[in-house]
Amino acid sequence: MAITLNIQPTRFRASGSKLDSNRRYIRKVSSSADLKFVISRNMDVKNGGLRYVDPQGNNSDDNNYNGTFSGTAGVGIKVT
Amino acid sequence: MAGFTTSNNRIKVTQNVTSGGVTTEETVFDTNSDMPHIVGTTYLSNQTVDFSNMGQTQNYAGIDFCSSNTCIGNEWNFTFTPGFYTYETEYVYVPGEWNFSYDFFTSSYSRTYTPSQFFSRQVQVYVPSTYTRSYDTVFDACCVTDYFRYSVNSREVNNTTNIADVPEDEDGNPIDIDFIIVQATGSRSRNGKDPRFNQTYVSGVPPKTFSFQGSVLLEAAAVANGNSWMRRIMSVYVSNNKVKLNKKESVRSINNEGLDVGFPQIGSTRSTFNFNLKIFFGRFK
């Protein structure tokens, strides 16, 4: 039987445990992120070379890349 | 210990978390936070990403000087010699002769003899102009020639297509999407070859289903020192309420090693990928 609401001293559950205090629901944060969500293009090619924009927003180019692509940093996500 | 509070349209759930012997109360759910969630899903089958064949150009590289004398030919040579004046020695011989005479007063005959002469003299003569031709043998007739080197044409390909609309809300308005997660299953139906070799490009597409956000490297090729000269990528992203698929190719010109020889696989450099995409549309709020 599904749990509608269950409140214990060490655990809270609701709506069939879709909401459960034992889970780690991720949320967007502006700082102290545990991981990054990439939200747009993060590679570009030019002159036979490649630019990779890492989730922190830093460019990594190979020797031949000479383009001007500027990717955006990923969005910070907090796990706990 | 867990906590649950509701107030002012806010639900907050906390939980005690022990890490390194230290227990702290962490927020695990808070409706006041921007929590990523999926608001819609779209399936897109048989999305084709095609990169056409490359081209090549013949470039003048210099003159090939060959001295092997192994290549013998013939050619006509024409020579004109203009007229000119010159002096020649002329030899003259004047034979000796007797001259006879009769004297009426003395009624006597007399004779004189002039001896023969032989001498030479210089005379000016004109030598007329001449025009001659000859058919001569030429060594290295086919070795002295221009030579050429072939290069792959550089190019930049950038093509974007709309492949889907973003989900709509109950009122039929597009939902403002913050991010997408793409789950893809792909294969390369046409294996492009490196124009230099009878060898297909290394594919960056995993053989199994894979997920990505942003861009994927599809193919690449490098020269001997490892520097890349060709990249092919695709990106899937949301812009102006549309899901867009962008393919980009960048080719830097490279030269063929051999002279007077084109790239043997230049006509087999085309690659085609087919993807089945499952797109998860996400929002933070």
# chains A, B, ... in the order shown; residues from 1 in each chain; ligands from 1
$ closest_atom_pairs --of "chain A" --to "chain B" --cutoff "7 Å" --atoms "only C-alpha atoms" --output "tab-separated table"
residue	atom	partner	partner_atom	distance
A:Pro9	CA	B:Met1	CA	5.3
A:Thr10	CA	B:Met1	CA	3.8
A:Arg11	CA	B:Ala2	CA	5.0
A:Phe12	CA	B:Ala2	CA	6.3
A:Ser21	CA	B:Gln15	CA	5.8
A:Arg23	CA	B:Val28	CA	6.8
A:Arg24	CA	B:Val28	CA	5.3
A:Tyr25	CA	B:Val28	CA	5.6
A:Ile26	CA	B:Met35	CA	6.0
A:Arg27	CA	B:Met35	CA	4.0
A:Lys28	CA	B:Asp34	CA	5.1
A:Val38	CA	B:Gln213	CA	5.7
A:Ile39	CA	B:Phe179	CA	4.9
A:Ser40	CA	B:Gly214	CA	4.9
A:Arg41	CA	B:Gly214	CA	4.2
A:Asn42	CA	B:Gly214	CA	5.4
A:Met43	CA	B:Ser215	CA	5.7
A:Val45	CA	B:Ser250	CA	5.7
A:Lys46	CA	B:Ser250	CA	5.2
A:Asn47	CA	B:Arg252	CA	5.1
A:Gly48	CA	B:Trp229	CA	4.1
A:Gly49	CA	B:Ser228	CA	5.6
A:Leu50	CA	B:Arg231	CA	6.9
A:Asn63	CA	B:Asn227	CA	6.3
A:Asn64	CA	B:Ser228	CA	6.8
A:Thr80	CA	B:Val28	CA	6.1
$ select_by_dssp --residues "chain A" --states "strand (DSSP E or B)" --output "ChimeraX atom specification"
/A:5-8,11-14,19-20,27-28,35-37,43-46,49-53,59-61,75-78
$ atom_distance --atom1 "atom CA of Met54 of chain B" --atom2 "atom CA of Glu219 of chain B"
14.1 Å
$ closest_residue --among "B:Thr272, B:Asn240, B:Ser151, B:Gln265" --to "Ser203 of chain B" --atoms "only C-alpha atoms"
B:Thr272
$ residues_around --residues "segment 161-175 of chain B" --least-positions-apart "4" --cutoff "8 Å" --atoms "only C-alpha atoms" --output "list of chain:residue names"
B:Val39, B:Gly40, B:Thr41, B:Thr42, B:Leu44, B:Val238, B:Asn241, B:Lys242, B:Val243, B:Lys244, B:Leu245, B:Asn246, B:Phe281
$ residues_around --residues "Ala14 of chain A" --least-positions-apart "6" --cutoff "12 Å" --atoms "only C-alpha atoms" --output "ChimeraX atom specification"
/A:2-8,20-22 /B:4,11,13,29
$ write_last_selection --atoms "C-alpha atoms" --output "PDB file, in the first residue's frame"
ATOM      1  CA  ALA A   2       1.363   3.332  -0.996  1.00  0.00           C
ATOM      2  CA  ILE A   3       2.358   5.728   1.743  1.00  0.00           C
ATOM      3  CA  THR A   4       0.505   9.006   1.624  1.00  0.00           C
ATOM      4  CA  LEU A   5       2.317  10.558   4.534  1.00  0.00           C
ATOM      5  CA  ASN A   6       4.681   8.930   6.996  1.00  0.00           C
ATOM      6  CA  ILE A   7       6.513  10.905   9.617  1.00  0.00           C
ATOM      7  CA  GLN A   8       9.073   9.235  11.873  1.00  0.00           C
ATOM      8  CA  ASP A  20      11.639  10.875   0.999  1.00  0.00           C
ATOM      9  CA  SER A  21      14.112  12.462   3.402  1.00  0.00           C
ATOM     10  CA  ASN A  22      16.516   9.598   2.742  1.00  0.00           C
TER      11      ASN A  22
ATOM     12  CA  PHE B   4       9.508  18.444   7.857  1.00  0.00           C
ATOM     13  CA  ILE B  11       7.736  22.602   2.018  1.00  0.00           C
ATOM     14  CA  VAL B  13      12.492  18.378   4.349  1.00  0.00           C
ATOM     15  CA  PHE B  29      14.088  18.966  -0.354  1.00  0.00           C
TER      16      PHE B  29
END
